[in-house]
Amino acid sequence: MPDLPTPKDAAEAALFSECWDAVLSYADLCTAGTAAATQLATEAFALGISEVRAAGTAAVRSSGRRRPRLPVIPLLLTAVRTTAAAWESGGQGTDLDPDLRLWLNSDKAARYTGLPLRRPLALRALRDLQEPDAALLWLAEVESLPLSVVARRLGLDPDLAGDELAQVRGLFRDRCHRAHLDTPMDAQCRSYARLLDAVTRSPAADVPPDLSRHLATCVDCAEAAACLRPQGGGLPAALAGGVIGWGGLAYLERRRRAAEVRLGAGRPERADFEGGEPKNGTNRARMLRGGLLAAAVLVSLLALAVSLMPFGSAHDGAAGGDAPADSSPVAAPAPSLPGLTTSPTASPTPTPTATKSRGTGKNPDPEPQGTTSSTAASKPVPDKSEPAGCEVTYHLDSQWPDGFQATVSVTTADALDGWQVAWSFRDGQQVGQMWDANVAQNGSRVTASAADYNKSVRAGSTLTFGFLASWKETNSPPYAFALNGRACTKTG
């Protein structure tokens, strides 16, 4: 496995810090194991940074019009896709997610590398923006960072960042409209192009029935509609799907959750980040500029400590159980960046993770954090005679014919240094992916355990995690919630 590139200077070191977590998060989605995720991320990061450096050198030498180019983070994410495709063609595809392998061998993947005028509109439009504008749009819409943080990262005036973002959205829409008109279309799509442009300019405009029917059957025009209406709330999904391709929506959700955790969503400290300078300038600046580096050191130390302890297979107790067979992986400990000095006490930049099991029934890379399925199977039944020390809220975020997304929030009366939240399903629901916690399921009983970055919870605080699951016929709310073996009072 190649080493990560060495930063040339402090500016490039900060750039590496900002980008590595995003690359590892997407590589984690693309692979079937933690070691493979780190390897894919490392190779893609080296490839992407070499492109960034080459583009910078070419820009210095060139005096003409700049070459269209993506901002750094989406460029690195496309490098993950390119590296994954090279793995598949080179016989290393068994380390990739099976759904990604199907996608890589389909016509959908060919759109991202084929004729330029056939590539997704969002990809073409983002490349056509000036790089600072494209970076502002991506960080705010896809990485889900608050404007105050984006402004500091890009050197913008925080008071004017909102206006600049609105202007960039308009520029992006114009680029999408121009790219849509340049795209080869059949006669029917061409006849709807002007009407689609007019309808999407106004958020309150009604879609005519004939255009609505056309959008329901034409993928290209539906994609154009999402890009041409940036004020409708669909811009983040259009950007992530159009630029990244496979797994774009899952990556979008991960980054949103990671931003919430990184900025302390739901905690008193969040006010430190709302406008102005952080109240604790040293620690906050270190977290924003050096989150990756601290994460690499801290997680590596944790992995080393765990490697010295007896540790069994992560699925020893669930090989014959009813645990789901296809959920998202947890990224392996991040390799440290060479040539940089970091403090292991800095706050890490987390990636929402979930345990991934494959058809072998084993995990060859036992994870140092969280709780395995065997632990969940032996979890004691809560003692109902004890007073409840927690309150739990279960919220069904969305539901479709065979699946749903839900969020669990638990308020604890006691301070915690590690936690497990367990519950039971009535109707055979199966959890497939979880973020901000590790998941294990034994029959109807599900156990969510803390990730490395959210083990500590203060008394009176609330911990939150979410998951995707499948259901059939009936999707009743879960029951018998317990926190660390003690029954919780369900409030919602």
# chains A, B, ... in the order shown; residues from 1 in each chain; ligands from 1
$ residues_around --residues "A:Ala84" --least-positions-apart "3" --cutoff "9 Å" --atoms "only C-alpha atoms" --output "MDAnalysis selection string"
chainID A and resid 27 30:31 40 44 79:81 87:89 92:93 96 100:101 104
$ write_last_selection --atoms "N, CA, C and O atoms" --output "mmCIF file, in the first residue's frame"
data_model
loop_
_atom_site.group_PDB
_atom_site.id
_atom_site.type_symbol
_atom_site.label_atom_id
_atom_site.label_comp_id
_atom_site.auth_asym_id
_atom_site.auth_seq_id
_atom_site.Cartn_x
_atom_site.Cartn_y
_atom_site.Cartn_z
ATOM 1 N N ALA A 27 -14.364 6.180 0.879
ATOM 2 C CA ALA A 27 -13.709 4.891 0.653
ATOM 3 C C ALA A 27 -14.315 3.816 1.537
ATOM 4 O O ALA A 27 -14.424 2.650 1.142
ATOM 5 N N CYS A 30 -17.256 2.414 -0.071
ATOM 6 C CA CYS A 30 -16.976 1.689 -1.311
ATOM 7 C C CYS A 30 -16.383 0.302 -1.099
ATOM 8 O O CYS A 30 -16.291 -0.472 -2.061
ATOM 9 N N THR A 31 -15.970 -0.026 0.120
ATOM 10 C CA THR A 31 -15.226 -1.254 0.343
ATOM 11 C C THR A 31 -15.984 -2.216 1.243
ATOM 12 O O THR A 31 -16.962 -1.860 1.890
ATOM 13 N N LEU A 40 -7.797 1.802 -0.024
ATOM 14 C CA LEU A 40 -8.422 2.541 -1.125
ATOM 15 C C LEU A 40 -8.281 4.040 -0.906
ATOM 16 O O LEU A 40 -7.961 4.793 -1.840
ATOM 17 N N ALA A 44 -6.194 6.536 -3.380
ATOM 18 C CA ALA A 44 -6.952 7.605 -4.029
ATOM 19 C C ALA A 44 -6.439 8.978 -3.602
ATOM 20 O O ALA A 44 -6.367 9.910 -4.420
ATOM 21 N N ALA A 79 -11.304 10.664 -7.364
ATOM 22 C CA ALA A 79 -10.124 9.803 -7.397
ATOM 23 C C ALA A 79 -10.411 8.472 -6.694
ATOM 24 O O ALA A 79 -9.873 7.433 -7.089
ATOM 25 N N VAL A 80 -11.259 8.502 -5.664
ATOM 26 C CA VAL A 80 -11.671 7.244 -5.016
ATOM 27 C C VAL A 80 -12.425 6.374 -6.014
ATOM 28 O O VAL A 80 -12.181 5.164 -6.129
ATOM 29 N N ARG A 81 -13.338 6.990 -6.765
ATOM 30 C CA ARG A 81 -14.099 6.244 -7.771
ATOM 31 C C ARG A 81 -13.169 5.687 -8.847
ATOM 32 O O ARG A 81 -13.300 4.529 -9.269
ATOM 33 N N TRP A 87 -9.241 -1.045 -9.347
ATOM 34 C CA TRP A 87 -9.261 -2.299 -8.572
ATOM 35 C C TRP A 87 -10.120 -3.348 -9.269
ATOM 36 O O TRP A 87 -9.752 -4.510 -9.373
ATOM 37 N N GLU A 88 -11.300 -2.926 -9.709
ATOM 38 C CA GLU A 88 -12.224 -3.863 -10.351
ATOM 39 C C GLU A 88 -11.625 -4.431 -11.628
ATOM 40 O O GLU A 88 -11.682 -5.650 -11.859
ATOM 41 N N SER A 89 -11.051 -3.588 -12.432
ATOM 42 C CA SER A 89 -10.468 -4.073 -13.692
ATOM 43 C C SER A 89 -9.177 -4.840 -13.470
ATOM 44 O O SER A 89 -8.793 -5.666 -14.305
ATOM 45 N N GLN A 92 -8.941 -6.867 -8.233
ATOM 46 C CA GLN A 92 -9.015 -6.639 -6.794
ATOM 47 C C GLN A 92 -10.433 -6.256 -6.373
ATOM 48 O O GLN A 92 -10.652 -5.734 -5.288
ATOM 49 N N GLY A 93 -11.395 -6.538 -7.229
ATOM 50 C CA GLY A 93 -12.765 -6.123 -6.967
ATOM 51 C C GLY A 93 -13.417 -6.797 -5.787
ATOM 52 O O GLY A 93 -14.425 -6.305 -5.263
ATOM 53 N N LEU A 96 -14.195 -4.648 -2.852
ATOM 54 C CA LEU A 96 -15.160 -3.566 -3.010
ATOM 55 C C LEU A 96 -16.560 -4.007 -2.601
ATOM 56 O O LEU A 96 -16.866 -5.201 -2.575
ATOM 57 N N LEU A 100 -21.328 -1.601 -5.505
ATOM 58 C CA LEU A 100 -20.438 -0.736 -6.275
ATOM 59 C C LEU A 100 -19.881 -1.485 -7.478
ATOM 60 O O LEU A 100 -19.751 -0.918 -8.572
ATOM 61 N N ARG A 101 -19.553 -2.755 -7.314
ATOM 62 C CA ARG A 101 -19.015 -3.530 -8.435
ATOM 63 C C ARG A 101 -20.042 -3.632 -9.560
ATOM 64 O O ARG A 101 -19.690 -3.518 -10.744
ATOM 65 N N LEU A 104 -20.054 -0.234 -11.257
ATOM 66 C CA LEU A 104 -18.864 0.011 -12.066
ATOM 67 C C LEU A 104 -18.924 -0.697 -13.415
ATOM 68 O O LEU A 104 -18.305 -0.250 -14.383
#
$ residues_around --residues "stretch 401-418 of chain A" --least-positions-apart "2" --cutoff "6 Å" --atoms "only C-alpha atoms" --output "PyMOL selection string"
chain A and resi 389-399+455-471
$ residues_around --residues "A:Val446" --least-positions-apart "3" --cutoff "7 Å" --atoms "only C-alpha atoms" --output "CSV table (one decimal) with N, CA, C and O atoms, in the first residue's frame"
chain,number,residue,atom,x,y,z
A,422,ALA,N,-30.0,-0.6,23.6
A,422,ALA,CA,-30.7,-1.8,23.0
A,422,ALA,C,-32.2,-1.6,22.9
A,422,ALA,O,-32.8,-0.9,23.7
A,423,TRP,N,-32.8,-2.3,22.0
A,423,TRP,CA,-34.2,-2.3,21.8
A,423,TRP,C,-34.6,-3.5,21.1
A,423,TRP,O,-33.8,-4.2,20.5
A,424,SER,N,-35.9,-3.8,21.0
A,424,SER,CA,-36.5,-4.9,20.3
A,424,SER,C,-37.5,-4.5,19.2
A,424,SER,O,-38.2,-3.5,19.4
A,440,ALA,N,-25.2,-4.2,16.2
A,440,ALA,CA,-25.3,-5.6,16.2
A,440,ALA,C,-26.7,-6.0,16.4
A,440,ALA,O,-27.5,-5.4,17.2
A,441,GLN,N,-27.2,-7.1,15.7
A,441,GLN,CA,-28.6,-7.5,15.9
A,441,GLN,C,-28.6,-9.0,16.0
A,441,GLN,O,-28.0,-9.8,15.3
A,442,ASN,N,-29.4,-9.5,17.0
A,442,ASN,CA,-29.6,-10.9,17.3
A,442,ASN,C,-31.1,-11.1,17.3
A,442,ASN,O,-31.7,-10.8,18.3
$ residues_around --residues "stretch 190-198 of chain A" --least-positions-apart "5" --cutoff "10 Å" --atoms "only C-alpha atoms" --output "ChimeraX atom specification"
/A:173-174,177,180-181,183-185,205,207-208,210-212,214-215,221-222,224-225,228-229
$ write_last_selection --atoms "N, CA and C atoms" --output "compact mmCIF listing (two decimals), in the first residue's frame"
# COMPACT_ATOMS: atom_id res chain seq x y z
N ARG A 173 -26.65 27.40 -11.25
CA ARG A 173 -27.85 27.14 -12.04
C ARG A 173 -27.65 27.54 -13.50
N ASP A 174 -27.03 28.70 -13.71
CA ASP A 174 -26.80 29.15 -15.08
C ASP A 174 -25.88 28.19 -15.83
N HIS A 177 -27.89 25.18 -16.74
CA HIS A 177 -28.80 25.46 -17.87
C HIS A 177 -28.04 25.43 -19.19
N HIS A 180 -27.12 21.91 -20.00
CA HIS A 180 -28.29 21.15 -20.43
C HIS A 180 -28.60 21.42 -21.89
N LEU A 181 -28.51 22.67 -22.31
CA LEU A 181 -28.78 23.00 -23.71
C LEU A 181 -27.71 22.43 -24.64
N THR A 183 -26.23 19.57 -24.18
CA THR A 183 -26.32 18.12 -24.17
C THR A 183 -27.11 17.61 -25.38
N PRO A 184 -26.61 16.62 -26.08
CA PRO A 184 -27.40 16.04 -27.18
C PRO A 184 -28.70 15.46 -26.65
N MET A 185 -29.84 15.90 -27.19
CA MET A 185 -31.16 15.46 -26.72
C MET A 185 -32.00 15.04 -27.91
N ALA A 205 -43.56 28.02 -8.83
CA ALA A 205 -44.21 27.68 -10.10
C ALA A 205 -44.71 26.23 -10.09
N VAL A 207 -45.65 22.71 -11.90
CA VAL A 207 -45.13 21.94 -13.04
C VAL A 207 -46.32 21.48 -13.88
N PRO A 208 -46.38 21.84 -15.15
CA PRO A 208 -47.50 21.40 -16.00
C PRO A 208 -47.57 19.87 -16.04
N ASP A 210 -48.02 17.70 -18.41
CA ASP A 210 -47.27 16.99 -19.45
C ASP A 210 -45.77 16.98 -19.12
N LEU A 211 -45.25 18.07 -18.56
CA LEU A 211 -43.84 18.09 -18.16
C LEU A 211 -43.61 17.15 -16.99
N SER A 212 -44.56 17.09 -16.07
CA SER A 212 -44.43 16.19 -14.93
C SER A 212 -44.35 14.73 -15.39
N HIS A 214 -43.30 13.72 -18.27
CA HIS A 214 -42.02 13.53 -18.95
C HIS A 214 -40.88 13.34 -17.94
N LEU A 215 -40.87 14.14 -16.88
CA LEU A 215 -39.83 14.03 -15.85
C LEU A 215 -39.88 12.69 -15.14
N CYS A 221 -33.69 14.45 -18.03
CA CYS A 221 -34.44 15.68 -17.76
C CYS A 221 -34.74 15.82 -16.27
N ALA A 222 -34.99 14.71 -15.59
CA ALA A 222 -35.21 14.76 -14.14
C ALA A 222 -33.95 15.24 -13.43
N ALA A 224 -31.69 17.17 -14.77
CA ALA A 224 -31.59 18.59 -15.08
C ALA A 224 -32.51 19.42 -14.20
N ALA A 225 -33.72 18.92 -13.94
CA ALA A 225 -34.66 19.65 -13.08
C ALA A 225 -34.10 19.84 -11.69
N LEU A 228 -31.40 22.53 -11.88
CA LEU A 228 -31.88 23.85 -12.27
C LEU A 228 -32.74 24.51 -11.20
N ARG A 229 -33.06 23.79 -10.13
CA ARG A 229 -33.85 24.38 -9.06
C ARG A 229 -33.05 24.32 -7.75
$ select_by_dssp --residues "stretch 102-274 of chain A" --states "alpha helix (DSSP H)" --output "PyMOL selection string"
chain A and resi 102-104+107-110+121-128+131-141+147-154+161-182+187-200+209-217+219-228+235-243+248-262
$ closest_residue --among "A:Pro74, A:Asp107, A:Ser148, A:Thr6" --to "A:Leu126" --atoms "only C-alpha atoms"
A:Pro74
$ closest_residue --among "A:Arg257, A:Arg119, A:Val150, A:Val142" --to "A:Asp220" --atoms "only C-alpha atoms"
A:Arg119
$ residues_around --residues "A:Glu253" --least-positions-apart "6" --cutoff "10 Å" --atoms "only C-alpha atoms" --output "ChimeraX atom specification"
/A:142-144,237,259,352,435
$ write_last_selection --atoms "N, CA, C and O atoms" --output "PDB file, in the first residue's frame"
ATOM      1  N   VAL A 142     -22.672  20.132   0.427  1.00  0.00           N
ATOM      2  CA  VAL A 142     -22.412  18.695   0.532  1.00  0.00           C
ATOM      3  C   VAL A 142     -21.716  18.341   1.840  1.00  0.00           C
ATOM      4  O   VAL A 142     -22.129  17.408   2.531  1.00  0.00           O
ATOM      5  N   GLU A 143     -20.675  19.082   2.198  1.00  0.00           N
ATOM      6  CA  GLU A 143     -19.988  18.796   3.457  1.00  0.00           C
ATOM      7  C   GLU A 143     -20.773  19.286   4.664  1.00  0.00           C
ATOM      8  O   GLU A 143     -20.428  18.970   5.807  1.00  0.00           O
ATOM      9  N   SER A 144     -21.824  20.069   4.441  1.00  0.00           N
ATOM     10  CA  SER A 144     -22.771  20.495   5.488  1.00  0.00           C
ATOM     11  C   SER A 144     -22.123  21.324   6.586  1.00  0.00           C
ATOM     12  O   SER A 144     -22.548  21.277   7.742  1.00  0.00           O
ATOM     13  N   ALA A 237     -28.205  16.850  -2.884  1.00  0.00           N
ATOM     14  CA  ALA A 237     -28.294  15.521  -3.486  1.00  0.00           C
ATOM     15  C   ALA A 237     -27.891  15.558  -4.956  1.00  0.00           C
ATOM     16  O   ALA A 237     -27.232  14.638  -5.456  1.00  0.00           O
ATOM     17  N   ALA A 259     -20.588  16.415  10.436  1.00  0.00           N
ATOM     18  CA  ALA A 259     -20.538  17.842  10.763  1.00  0.00           C
ATOM     19  C   ALA A 259     -21.252  18.121  12.077  1.00  0.00           C
ATOM     20  O   ALA A 259     -20.786  18.930  12.891  1.00  0.00           O
ATOM     21  N   PRO A 352     -19.075   9.167  10.696  1.00  0.00           N
ATOM     22  CA  PRO A 352     -20.116   8.261  11.164  1.00  0.00           C
ATOM     23  C   PRO A 352     -19.886   6.887  10.578  1.00  0.00           C
ATOM     24  O   PRO A 352     -19.655   6.735   9.389  1.00  0.00           O
ATOM     25  N   TRP A 435     -25.281   5.042  11.676  1.00  0.00           N
ATOM     26  CA  TRP A 435     -24.243   6.056  11.786  1.00  0.00           C
ATOM     27  C   TRP A 435     -24.222   6.595  13.214  1.00  0.00           C
ATOM     28  O   TRP A 435     -25.217   6.616  13.924  1.00  0.00           O
TER      29      TRP A 435
END
$ atom_distance --atom1 "atom CA of A:Ala448" --atom2 "atom CA of A:Gly492"
18.3 Å
$ atom_distance --atom1 "atom CA of A:Asp157" --atom2 "atom CA of A:Leu136"
12.4 Å
$ atom_distance --atom1 "atom CA of A:Leu252" --atom2 "atom CA of A:Ala240"
6.6 Å
$ residues_around --residues "A:Leu121" --least-positions-apart "2" --cutoff "8 Å" --atoms "only C-alpha atoms" --output "ChimeraX atom specification"
/A:119,123-125,176,179-180,223-224,227,242
$ write_last_selection --atoms "N, CA and C atoms" --output "PDB file, in the first residue's frame"
ATOM      1  N   ARG A 119     -21.739  13.637 -19.709  1.00  0.00           N
ATOM      2  CA  ARG A 119     -21.509  13.495 -18.284  1.00  0.00           C
ATOM      3  C   ARG A 119     -22.582  14.228 -17.489  1.00  0.00           C
ATOM      4  N   LEU A 123     -21.736  17.667 -12.452  1.00  0.00           N
ATOM      5  CA  LEU A 123     -20.286  17.527 -12.600  1.00  0.00           C
ATOM      6  C   LEU A 123     -19.746  18.566 -13.576  1.00  0.00           C
ATOM      7  N   ARG A 124     -20.409  18.729 -14.701  1.00  0.00           N
ATOM      8  CA  ARG A 124     -19.950  19.689 -15.701  1.00  0.00           C
ATOM      9  C   ARG A 124     -20.078  21.124 -15.197  1.00  0.00           C
ATOM     10  N   ALA A 125     -21.174  21.433 -14.520  1.00  0.00           N
ATOM     11  CA  ALA A 125     -21.395  22.799 -14.037  1.00  0.00           C
ATOM     12  C   ALA A 125     -20.429  23.166 -12.920  1.00  0.00           C
ATOM     13  N   CYS A 176     -25.555  25.029 -15.205  1.00  0.00           N
ATOM     14  CA  CYS A 176     -26.337  23.811 -15.468  1.00  0.00           C
ATOM     15  C   CYS A 176     -27.263  24.009 -16.666  1.00  0.00           C
ATOM     16  N   ALA A 179     -25.190  23.895 -19.788  1.00  0.00           N
ATOM     17  CA  ALA A 179     -24.759  22.521 -20.058  1.00  0.00           C
ATOM     18  C   ALA A 179     -25.917  21.665 -20.542  1.00  0.00           C
ATOM     19  N   HIS A 180     -27.117  21.914 -19.996  1.00  0.00           N
ATOM     20  CA  HIS A 180     -28.289  21.151 -20.427  1.00  0.00           C
ATOM     21  C   HIS A 180     -28.597  21.417 -21.894  1.00  0.00           C
ATOM     22  N   GLU A 223     -32.793  14.768 -13.893  1.00  0.00           N
ATOM     23  CA  GLU A 223     -31.519  15.230 -13.331  1.00  0.00           C
ATOM     24  C   GLU A 223     -31.343  16.722 -13.576  1.00  0.00           C
ATOM     25  N   ALA A 224     -31.692  17.167 -14.765  1.00  0.00           N
ATOM     26  CA  ALA A 224     -31.586  18.589 -15.082  1.00  0.00           C
ATOM     27  C   ALA A 224     -32.507  19.415 -14.196  1.00  0.00           C
ATOM     28  N   CYS A 227     -30.937  20.013 -10.814  1.00  0.00           N
ATOM     29  CA  CYS A 227     -29.828  20.973 -10.858  1.00  0.00           C
ATOM     30  C   CYS A 227     -30.312  22.398 -11.132  1.00  0.00           C
ATOM     31  N   GLY A 242     -24.333  13.811  -8.759  1.00  0.00           N
ATOM     32  CA  GLY A 242     -23.780  14.136 -10.060  1.00  0.00           C
ATOM     33  C   GLY A 242     -22.268  14.114 -10.101  1.00  0.00           C
TER      34      GLY A 242
END
